[in-house]
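K.L.:
One file: entry38.csv (CSV, C-alpha atoms).
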```csv
chain,number,residue,atom,x,y,z
C,1,MET,CA,-102.7,74.1,15.9
C,2,SER,CA,-101.7,72.8,12.5
C,3,TYR,CA,-99.4,69.9,13.0
C,4,ALA,CA,-100.3,66.4,12.0
C,5,ILE,CA,-100.8,64.1,14.9
C,6,LYS,CA,-99.6,60.6,14.8
C,7,LEU,CA,-102.1,58.3,16.4
C,8,ASP,CA,-100.1,55.1,16.5
C,9,ILE,CA,-100.2,53.8,20.0
C,10,PHE,CA,-97.0,54.8,21.6
C,11,GLU,CA,-95.1,52.5,23.8
C,12,GLY,CA,-95.4,54.9,26.6
C,13,PRO,CA,-94.8,58.5,27.6
C,14,LEU,CA,-91.1,58.4,26.8
C,15,ASP,CA,-91.8,57.0,23.4
C,16,LEU,CA,-94.3,59.8,22.7
C,17,LEU,CA,-91.8,62.4,23.9
C,18,LEU,CA,-89.0,61.0,21.7
C,19,TYR,CA,-91.4,61.1,18.8
C,20,LEU,CA,-92.2,64.7,19.4
C,21,ILE,CA,-88.5,65.6,19.7
C,22,LYS,CA,-87.8,63.8,16.4
C,23,LYS,CA,-90.8,65.3,14.6
C,24,ASN,CA,-89.8,68.9,15.7
C,25,GLU,CA,-86.2,68.2,14.8
C,26,VAL,CA,-85.0,69.6,18.0
C,27,ASP,CA,-81.9,68.8,20.0
C,28,ILE,CA,-82.5,66.3,22.7
C,29,TYR,CA,-79.9,68.0,24.9
C,30,ASN,CA,-81.7,71.3,24.5
C,31,ILE,CA,-85.4,70.6,24.4
C,32,PRO,CA,-87.7,73.6,23.9
C,33,ILE,CA,-89.8,72.6,26.9
C,34,ALA,CA,-92.7,75.0,26.2
C,35,ILE,CA,-93.4,73.8,22.7
C,36,ILE,CA,-92.9,70.1,23.4
C,37,THR,CA,-95.0,70.3,26.6
C,38,GLU,CA,-97.8,71.9,24.6
C,39,GLN,CA,-97.7,69.2,21.9
C,40,TYR,CA,-97.4,66.5,24.5
C,41,LEU,CA,-100.6,67.7,26.3
C,42,ASN,CA,-102.3,68.0,22.9
C,43,HIS,CA,-101.5,64.4,22.1
C,44,MET,CA,-102.8,63.3,25.4
C,45,GLU,CA,-106.0,65.1,24.8
C,46,ILE,CA,-106.5,63.5,21.4
C,47,MET,CA,-105.7,60.0,22.7
C,48,ARG,CA,-108.2,60.6,25.5
C,49,SER,CA,-110.9,61.8,23.1
C,50,MET,CA,-110.4,58.6,21.1
C,51,ASN,CA,-111.0,56.7,24.2
C,52,LEU,CA,-107.5,55.2,24.1
C,53,ASP,CA,-106.6,53.9,27.5
C,54,LEU,CA,-104.3,56.5,28.9
C,55,ALA,CA,-102.0,54.9,31.4
C,56,GLY,CA,-101.2,56.9,34.5
C,57,GLU,CA,-97.6,57.1,33.4
C,58,TYR,CA,-98.6,59.7,30.7
C,59,LEU,CA,-99.9,61.9,33.4
C,60,VAL,CA,-96.8,61.6,35.5
C,61,LEU,CA,-94.6,62.7,32.6
C,62,ALA,CA,-97.0,65.6,31.8
C,63,ALA,CA,-96.6,66.7,35.4
C,64,THR,CA,-92.8,66.4,35.1
C,65,LEU,CA,-92.9,68.5,31.9
C,66,LEU,CA,-95.0,71.2,33.4
C,67,ASN,CA,-92.7,71.3,36.5
C,68,ILE,CA,-89.6,71.7,34.3
C,69,LYS,CA,-91.4,74.3,32.2
C,70,SER,CA,-92.2,76.4,35.3
C,71,LYS,CA,-88.7,76.0,36.6
C,72,MET,CA,-87.3,77.3,33.4
C,73,LEU,CA,-89.6,80.4,33.5
C,74,LEU,CA,-88.2,81.5,36.8
C,75,PRO,CA,-85.2,83.8,36.5
C,76,PRO,CA,-82.1,82.0,37.6
C,77,GLU,CA,-81.4,82.5,41.3
C,78,GLU,CA,-78.6,84.8,42.1
C,79,LYS,CA,-75.5,82.9,42.7
C,80,GLU,CA,-73.7,83.4,46.0
C,81,GLU,CA,-70.0,83.2,46.1
C,82,GLY,CA,-68.7,79.8,45.4
C,83,GLU,CA,-72.1,78.3,44.9
C,84,GLU,CA,-72.4,75.8,42.2
C,85,GLU,CA,-74.4,76.6,39.1
C,86,GLN,CA,-78.0,75.4,39.1
C,87,PRO,CA,-78.4,72.2,37.3
C,88,ASP,CA,-80.4,72.3,34.1
C,89,PRO,CA,-84.0,71.2,35.2
C,90,ARG,CA,-84.1,69.1,32.1
C,91,ALA,CA,-81.1,67.1,32.9
C,92,GLU,CA,-82.8,64.1,34.5
C,93,LEU,CA,-85.4,63.9,31.7
C,94,VAL,CA,-82.7,64.0,29.0
C,95,ARG,CA,-80.9,61.2,30.8
C,96,GLN,CA,-84.1,59.1,30.9
C,97,LEU,CA,-84.8,59.8,27.2
C,98,LEU,CA,-81.4,58.9,26.1
C,99,GLU,CA,-81.5,55.7,28.1
C,100,TYR,CA,-84.9,54.7,26.7
C,101,GLN,CA,-83.8,55.5,23.2
C,102,THR,CA,-80.8,53.2,23.6
C,103,PHE,CA,-82.9,50.3,24.7
C,104,LYS,CA,-85.4,51.0,22.0
C,105,GLU,CA,-82.6,50.6,19.5
C,106,ALA,CA,-81.5,47.5,21.2
C,107,ALA,CA,-85.0,46.1,21.0
C,108,PHE,CA,-85.2,46.9,17.4
C,109,ASN,CA,-82.0,45.1,16.8
C,110,LEU,CA,-83.3,42.1,18.7
C,111,GLY,CA,-86.3,42.0,16.5
C,112,GLN,CA,-84.2,42.1,13.4
C,113,ARG,CA,-82.2,39.0,14.3
C,114,THR,CA,-82.8,35.7,12.6
C,115,LEU,CA,-85.5,34.4,14.9
C,116,LEU,CA,-86.2,30.7,15.5
C,117,GLU,CA,-89.6,29.6,14.3
C,118,ARG,CA,-89.9,32.9,12.3
C,119,ASP,CA,-86.9,32.9,10.0
C,120,VAL,CA,-85.2,29.6,10.8
C,121,PHE,CA,-86.5,26.3,12.0
C,122,LYS,CA,-85.0,23.4,13.8
C,123,ARG,CA,-85.9,19.7,13.4
C,124,GLY,CA,-89.2,18.2,14.3
C,125,ILE,CA,-90.8,20.6,16.7
C,126,VAL,CA,-94.4,19.9,16.9
C,127,PRO,CA,-96.6,23.0,16.8
C,128,GLU,CA,-98.0,23.6,20.2
C,129,VAL,CA,-101.3,21.9,20.5
C,130,LYS,CA,-103.3,22.8,23.5
C,131,THR,CA,-104.5,19.5,24.9
C,132,GLU,CA,-107.7,20.3,26.7
C,133,PRO,CA,-108.4,18.0,29.6
C,134,GLU,CA,-111.5,15.9,29.0
C,135,GLU,CA,-113.5,17.2,31.9
C,136,GLU,CA,-114.5,20.7,31.7
C,137,LEU,CA,-112.7,22.8,34.2
C,138,ILE,CA,-113.6,25.9,36.0
C,139,GLU,CA,-110.8,28.2,36.8
C,140,VAL,CA,-110.6,28.7,40.5
C,141,ASP,CA,-110.4,32.2,41.9
C,142,LEU,CA,-108.6,33.5,45.0
C,143,PHE,CA,-111.6,33.1,47.3
C,144,GLN,CA,-112.2,29.5,46.5
C,145,LEU,CA,-108.6,28.7,47.1
C,146,VAL,CA,-108.6,30.5,50.4
C,147,GLU,CA,-111.8,28.6,51.3
C,148,ALA,CA,-110.1,25.3,50.5
C,149,PHE,CA,-107.2,26.3,52.5
C,150,ARG,CA,-109.4,27.1,55.5
C,151,GLU,CA,-111.0,23.7,55.2
C,152,ILE,CA,-107.7,22.0,55.3
C,153,VAL,CA,-106.5,23.9,58.2
C,154,SER,CA,-109.7,23.4,60.2
C,155,GLY,CA,-109.4,19.7,59.5
C,156,LEU,CA,-106.1,19.6,61.3
C,157,LYS,CA,-106.0,18.5,64.9
C,158,ASP,CA,-104.9,21.3,67.2
C,159,GLU,CA,-101.8,19.5,68.4
C,160,ASP,CA,-100.6,19.3,64.8
C,161,LEU,CA,-100.4,23.0,64.8
C,162,MET,CA,-98.5,23.3,68.0
C,163,GLU,CA,-95.3,21.9,66.4
C,164,ILE,CA,-92.6,24.4,66.2
C,165,ASP,CA,-90.3,23.8,63.3
C,166,THR,CA,-87.0,25.4,63.9
C,167,GLU,CA,-85.8,24.6,60.4
C,168,LYS,CA,-85.7,27.7,58.4
C,169,MET,CA,-87.7,27.5,55.2
C,170,SER,CA,-88.4,30.4,52.9
C,171,LEU,CA,-91.3,31.1,50.6
C,172,SER,CA,-89.0,30.8,47.6
C,173,ASP,CA,-87.9,27.4,48.8
C,174,ARG,CA,-91.5,26.3,48.9
C,175,ILE,CA,-92.1,27.8,45.4
C,176,HIS,CA,-89.2,25.8,44.1
C,177,GLU,CA,-90.5,22.6,45.8
C,178,ILE,CA,-93.9,23.0,44.3
C,179,MET,CA,-92.5,23.8,40.9
C,180,GLU,CA,-90.4,20.6,41.0
C,181,ARG,CA,-93.3,18.5,42.0
C,182,LEU,CA,-95.4,20.0,39.3
C,183,SER,CA,-92.8,19.6,36.6
C,184,VAL,CA,-92.9,15.8,37.4
C,185,GLU,CA,-96.6,15.3,38.0
C,186,LYS,CA,-97.9,18.0,35.7
C,187,SER,CA,-100.9,18.5,38.0
C,188,MET,CA,-101.9,17.8,41.5
C,189,HIS,CA,-104.6,18.3,44.1
C,190,PHE,CA,-104.3,21.3,46.3
C,191,ARG,CA,-105.1,19.0,49.2
C,192,ASP,CA,-102.2,16.7,48.3
C,193,LEU,CA,-99.8,19.6,48.4
C,194,LEU,CA,-100.7,20.0,52.1
C,195,ALA,CA,-101.1,16.3,52.9
C,196,ASP,CA,-97.8,15.9,54.6
C,197,VAL,CA,-97.6,19.4,56.0
C,198,HIS,CA,-98.4,20.0,59.6
C,199,ASP,CA,-96.4,23.0,60.4
C,200,ARG,CA,-98.5,26.2,60.4
C,201,ARG,CA,-95.9,28.3,58.8
C,202,MET,CA,-95.3,25.7,56.1
C,203,ILE,CA,-99.1,25.6,55.4
C,204,ILE,CA,-99.2,29.3,55.0
C,205,TYR,CA,-96.1,29.3,52.8
C,206,THR,CA,-97.7,26.7,50.6
C,207,LEU,CA,-100.8,28.9,50.1
C,208,LEU,CA,-98.6,31.9,49.5
C,209,ALA,CA,-96.5,30.0,47.1
C,210,ILE,CA,-99.5,28.9,45.1
C,211,LEU,CA,-100.9,32.5,45.1
C,212,GLU,CA,-97.6,33.9,44.0
C,213,LEU,CA,-97.3,31.3,41.2
C,214,MET,CA,-100.9,32.0,40.1
C,215,LYS,CA,-100.2,35.7,40.1
C,216,MET,CA,-97.3,35.2,37.8
C,217,ARG,CA,-99.4,32.9,35.7
C,218,ILE,CA,-97.0,30.0,36.1
C,219,VAL,CA,-99.7,27.7,37.6
C,220,LYS,CA,-103.4,27.6,37.2
C,221,ALA,CA,-106.0,26.3,39.6
C,222,TYR,CA,-109.0,24.5,38.3
C,223,GLN,CA,-111.9,22.4,39.7
C,224,THR,CA,-114.4,20.3,37.8
C,225,HIS,CA,-117.5,21.5,39.7
C,226,ALA,CA,-118.3,24.1,42.3
C,227,PHE,CA,-116.9,23.0,45.7
C,228,GLY,CA,-115.0,20.2,44.0
C,229,PRO,CA,-111.4,19.4,44.7
C,230,ILE,CA,-109.0,22.0,43.3
C,231,ARG,CA,-106.2,20.9,41.0
C,232,ILE,CA,-103.1,22.9,40.3
C,233,PHE,CA,-101.7,22.8,36.8
C,234,LEU,CA,-98.6,24.2,35.3
C,235,ALA,CA,-99.8,27.1,33.1
C,236,VAL,CA,-97.2,26.4,30.5
C,237,GLU,CA,-96.1,23.0,29.3
C,238,GLU,CA,-92.5,22.3,28.9
G,1,MET,CA,-61.5,10.2,12.6
G,2,GLU,CA,-64.2,9.7,10.0
G,3,ASP,CA,-66.0,7.6,12.5
G,4,LEU,CA,-65.9,10.2,15.2
G,5,ARG,CA,-67.2,12.7,12.8
G,6,SER,CA,-70.3,10.6,12.1
G,7,ILE,CA,-70.9,10.2,15.8
G,8,VAL,CA,-70.8,13.9,16.4
G,9,GLU,CA,-73.1,14.5,13.4
G,10,ALA,CA,-75.6,11.9,14.6
G,11,LEU,CA,-75.6,13.4,18.1
G,12,ILE,CA,-76.4,16.8,16.9
G,13,PHE,CA,-79.0,15.5,14.5
G,14,ALA,CA,-80.9,13.7,17.2
G,15,SER,CA,-80.6,16.3,19.9
G,16,GLU,CA,-83.6,18.3,21.0
G,17,ALA,CA,-81.7,21.3,22.2
G,18,PRO,CA,-78.5,22.8,21.0
G,19,LEU,CA,-75.8,20.3,21.8
G,20,SER,CA,-72.8,21.7,23.7
G,21,LEU,CA,-69.2,20.8,23.2
G,22,ASP,CA,-69.0,19.6,26.8
G,23,LYS,CA,-71.9,17.2,26.3
G,24,ILE,CA,-70.3,15.8,23.1
G,25,VAL,CA,-67.0,15.3,24.8
G,26,ASP,CA,-68.8,13.8,27.7
G,27,ILE,CA,-70.8,11.3,25.6
G,28,ILE,CA,-67.9,10.3,23.5
G,29,GLY,CA,-65.7,10.0,26.6
G,30,MET,CA,-62.8,11.6,25.0
G,31,THR,CA,-60.6,14.2,26.6
G,32,ASP,CA,-59.2,15.6,23.3
G,33,ARG,CA,-61.6,18.6,23.0
G,34,GLU,CA,-59.5,20.1,20.3
G,35,ALA,CA,-60.3,17.1,18.0
G,36,ILE,CA,-64.0,17.6,18.6
G,37,VAL,CA,-63.7,21.3,18.0
G,38,ASP,CA,-62.0,20.5,14.7
G,39,ILE,CA,-64.7,18.1,13.7
G,40,LEU,CA,-67.4,20.7,14.6
G,41,LYS,CA,-65.7,23.3,12.4
G,42,ALA,CA,-65.3,20.8,9.6
G,43,LEU,CA,-69.0,19.9,9.8
G,44,GLU,CA,-70.1,23.5,9.9
G,45,GLU,CA,-68.1,24.2,6.8
G,46,GLU,CA,-69.3,21.1,5.1
G,47,TYR,CA,-72.9,22.0,5.5
G,48,ALA,CA,-72.2,25.6,4.5
G,49,ASN,CA,-70.5,24.6,1.4
G,50,ARG,CA,-73.2,22.1,0.5
G,51,ASN,CA,-75.6,25.1,0.5
G,52,GLY,CA,-78.6,23.0,1.0
G,53,GLY,CA,-81.8,23.6,2.9
G,54,PHE,CA,-80.2,23.6,6.3
G,55,HIS,CA,-76.9,24.1,7.9
G,56,LEU,CA,-75.2,23.6,11.2
G,57,SER,CA,-75.1,26.6,13.4
G,58,GLU,CA,-73.6,27.4,16.7
G,59,VAL,CA,-76.2,28.8,19.0
G,60,ALA,CA,-77.0,29.0,22.8
G,61,GLY,CA,-73.7,27.4,23.8
G,62,GLY,CA,-74.2,24.5,21.5
G,63,TYR,CA,-74.7,23.2,17.9
G,64,GLN,CA,-77.9,22.7,16.1
G,65,PHE,CA,-79.1,22.0,12.6
G,66,ARG,CA,-81.3,24.9,11.3
G,67,THR,CA,-83.0,25.6,8.1
G,68,ARG,CA,-81.8,28.4,5.9
G,69,ALA,CA,-83.4,31.8,6.6
G,70,ASP,CA,-84.6,32.1,3.0
G,71,MET,CA,-86.7,28.9,3.3
G,72,ALA,CA,-88.8,30.5,6.0
G,73,SER,CA,-92.0,31.0,4.0
G,74,TRP,CA,-92.1,27.3,3.1
G,75,LEU,CA,-91.5,26.1,6.6
G,76,ARG,CA,-94.2,28.3,7.9
G,77,LYS,CA,-96.6,26.6,5.5
G,78,LEU,CA,-95.4,23.2,6.7
G,79,LYS,CA,-95.8,24.0,10.4
G,80,GLY,CA,-99.0,25.9,9.9
G,81,ILE,CA,-98.1,28.2,12.6
G,82,LYS,CA,-97.8,31.9,12.8
G,83,PRO,CA,-94.4,33.3,13.6
G,84,PRO,CA,-94.1,33.9,17.4
G,85,GLY,CA,-95.5,37.4,17.9
G,86,LEU,CA,-93.2,39.5,19.9
G,87,SER,CA,-94.7,43.0,20.4
G,88,GLN,CA,-92.6,46.1,20.6
G,89,ALA,CA,-93.4,46.1,24.4
G,90,ALA,CA,-92.1,42.6,24.7
G,91,LEU,CA,-88.9,43.3,22.7
G,92,GLU,CA,-88.1,46.4,24.7
G,93,THR,CA,-88.7,44.6,28.0
G,94,LEU,CA,-86.5,41.7,26.7
G,95,ALA,CA,-83.8,44.2,25.7
G,96,VAL,CA,-83.7,45.8,29.1
G,97,VAL,CA,-83.4,42.4,30.8
G,98,ALA,CA,-80.8,41.1,28.4
G,99,TYR,CA,-78.5,44.0,29.0
G,100,ARG,CA,-79.3,44.8,32.7
G,101,GLN,CA,-79.8,41.4,34.2
G,102,PRO,CA,-80.2,40.5,37.0
G,103,VAL,CA,-83.0,43.1,37.0
G,104,THR,CA,-86.2,43.7,38.9
G,105,ARG,CA,-89.5,44.7,37.4
G,106,GLN,CA,-89.2,48.2,39.0
G,107,GLU,CA,-85.9,48.7,37.3
G,108,ILE,CA,-87.3,47.7,33.9
G,109,GLU,CA,-90.2,50.1,34.4
G,110,LYS,CA,-87.9,52.9,35.2
G,111,VAL,CA,-86.2,52.5,31.9
G,112,ARG,CA,-89.4,52.0,29.8
G,113,GLY,CA,-91.5,54.5,31.7
G,114,VAL,CA,-94.5,52.1,31.6
G,115,ASP,CA,-95.9,49.2,33.5
G,116,VAL,CA,-94.3,46.0,32.3
G,117,SER,CA,-96.1,43.3,34.2
G,118,GLY,CA,-98.0,42.1,31.2
G,119,ALA,CA,-94.9,42.0,29.0
G,120,LEU,CA,-93.0,40.2,31.7
G,121,ARG,CA,-95.7,37.6,32.1
G,122,GLY,CA,-95.7,36.8,28.4
G,123,LEU,CA,-91.9,36.5,28.2
G,124,LEU,CA,-91.9,34.2,31.2
G,125,GLU,CA,-94.6,32.0,29.5
G,126,LYS,CA,-92.5,31.9,26.4
G,127,LYS,CA,-89.6,30.9,28.6
G,128,LEU,CA,-87.4,33.7,27.2
G,129,LEU,CA,-87.1,35.1,30.7
G,130,ARG,CA,-86.8,33.4,34.1
G,131,MET,CA,-86.9,34.3,37.7
G,132,LEU,CA,-83.4,34.2,39.2
G,133,GLY,CA,-84.4,34.8,42.8
G,134,ARG,CA,-85.1,37.8,44.9
G,135,LYS,CA,-83.1,40.9,45.4
G,136,ASN,CA,-82.0,41.6,48.9
G,137,VAL,CA,-83.6,45.0,49.3
G,138,PRO,CA,-86.8,45.9,51.1
G,139,GLY,CA,-89.8,44.2,49.6
G,140,LYS,CA,-87.5,41.5,48.2
G,141,PRO,CA,-88.5,42.1,44.6
G,142,ILE,CA,-88.1,39.2,42.1
G,143,ILE,CA,-85.1,39.5,39.8
G,144,TYR,CA,-85.3,38.3,36.2
G,145,GLY,CA,-82.8,37.1,33.7
G,146,THR,CA,-82.7,35.7,30.2
G,147,THR,CA,-82.8,31.9,29.5
G,148,LYS,CA,-81.0,29.6,27.2
G,149,ARG,CA,-84.1,29.5,25.2
G,150,PHE,CA,-83.7,33.3,24.7
G,151,LEU,CA,-80.2,32.6,23.1
G,152,GLU,CA,-81.7,29.8,21.0
G,153,VAL,CA,-84.6,31.9,19.7
G,154,PHE,CA,-82.5,35.0,19.0
G,155,ASN,CA,-79.8,33.0,17.3
G,156,LEU,CA,-77.0,34.0,19.8
G,157,LYS,CA,-74.0,31.9,20.8
G,158,ASP,CA,-74.0,33.6,24.2
G,159,LEU,CA,-74.9,37.0,25.7
G,160,ALA,CA,-71.6,38.5,24.7
G,161,GLU,CA,-72.6,38.2,21.1
G,162,LEU,CA,-75.2,41.0,21.6
G,163,PRO,CA,-73.9,44.3,20.4
G,164,THR,CA,-72.9,46.6,23.3
G,165,LEU,CA,-75.3,49.4,24.4
G,166,ARG,CA,-72.6,51.8,23.5
G,167,GLU,CA,-72.9,50.8,19.8
G,168,PHE,CA,-76.6,51.9,20.0
G,169,GLN,CA,-75.7,55.1,21.7
G,170,GLU,CA,-73.2,56.0,19.0
G,171,LEU,CA,-75.8,55.3,16.4
G,172,GLN,CA,-77.9,58.1,17.9
G,173,GLU,CA,-75.1,60.7,17.7
```
Would you put the structure from the file into structure tokens?

P.N.:
Amino acid sequence: MSYAIKLDIFEGPLDLLLYLIKKNEVDIYNIPIAIITEQYLNHMEIMRSMNLDLAGEYLVLAATLLNIKSKMLLPPEEKEEGEEEQPDPRAELVRQLLEYQTFKEAAFNLGQRTLLERDVFKRGIVPEVKTEPEEELIEVDLFQLVEAFREIVSGLKDEDLMEIDTEKMSLSDRIHEIMERLSVEKSMHFRDLLADVHDRRMIIYTLLAILELMKMRIVKAYQTHAFGPIRIFLAVEE
Amino acid sequence: MEDLRSIVEALIFASEAPLSLDKIVDIIGMTDREAIVDILKALEEEYANRNGGFHLSEVAGGYQFRTRADMASWLRKLKGIKPPGLSQAALETLAVVAYRQPVTRQEIEKVRGVDVSGALRGLLEKKLLRMLGRKNVPGKPIIYGTTKRFLEVFNLKDLAELPTLREFQELQE
């Protein structure tokens, strides 16, 4: 095999495939599947041997390519009267490639724009200084949060939990409420969040809301020492 | 007239975010929008003609004073900050959202062919994207859209100012 291999990290399998098509100067609408598949697999092999983290998506596309290749090796099925012609097995892949290429262009175009704080500046923005809280904080993990949650629930009187709230409240409502409180107060105790909540469903929604927000890295949970009170912070300052 | 012009100029000068025409009209309490539009045009022209270190630009549905692009290297020294790093992955994700919004993570991944959760998280943190709600399909996936901040950062008056996708398609042919 005597072709140079580009080892830049590709944005993904589609990016690699587009690169191969361009490099071989072949028509995207008429991809020579056998050649391209072979080169694709070779690239994967090299990336793997360099210990580059190969995402599963690369394997999925490899499988797709092999599947198309095998379909194209089969003689076309004999057509019966009035039957439509077999679609090109490459059609879906071509559509995907063209779509990705379009967005790649669009992304390039975005990057070329006059960007604020890169090319142009507005008045008086202070560079973001991370103000570390004075006390050292330990980031709270899921288990500690669930433990705190259990503690709060177990501290409730049984009759508190009997209440049936007919008012419909959704998880996203609760997320919005918490975000509103946080944007005013900047940080608050996990316990305070549940202070005025006695409805079981509401308690669960509160926990789920916090977990969801943590997962999306919108809030962070910290405590000053093990088993200490947990505080919820906005992960990004306004 | 001259007075009004100074007021408009002062408002824009002191405003944190791009100041919209509506807001200006609201503050001045004048219903004659056309007069304000004329003043804005005149101011824009005045700063452009002056050809100084900054100018008035229309961005993100409002008006804002911005430095000239060829001053960038000096301003970076002043601010002592590195330009905001937007990776290729971030730009591609941003492009898909900008053109396809409202859009779910799965829909973005279908276009890019890779996992985009990391890129999405970064863009949310930078406030270039926001969650619009949830799509009413099984699993209720979160839907994303661009923010005003996106327009401000990418120097766009509005989303319609983006070139159409068709223009990029034609480029390929």

K.L.:
For each of C:Glu92, C:Asp141, C:Glu99, C:Glu212, take the minimum atom-to-atom distance to chain G, counting only C-alpha atoms, then give the residue where this is smallest.

P.N.:
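Of the candidates, the smallest distance to chain G is held by C:Glu99.
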
K.L.:
Which residue, G:Gly145, G:Gly139, G:Pro18, G:Pro102, has the smallest gap to chain C when you use only C-alpha atoms?

P.N.:
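The shortest atom-to-atom distance to chain C comes from G:Pro18.
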
K.L.:
Which residue, G:Leu156, G:Ala69, G:Val8, G:Ile24, has the smallest gap to chain C when you use only C-alpha atoms?

P.N.:
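Among the listed residues, G:Ala69 lies closest to chain C.
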
K.L.:
Which one is closest to chain G: C:Thr37, C:Asn109, C:Ser183, C:Gln223? Count only C-alpha atoms.

P.N.:
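Among the listed residues, the smallest separation from chain G belongs to C:Asn109.
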
K.L.:
Excluding Val116 of chain G and its own-chain neighbours fewer than 3 positions away, which residues fall within 10 Å of it when counting all atoms listed in the file? Please give them as number ranges by chain.

P.N.:
G: 89-90, 92-93, 105-106, 108-110, 112-113, 119-121
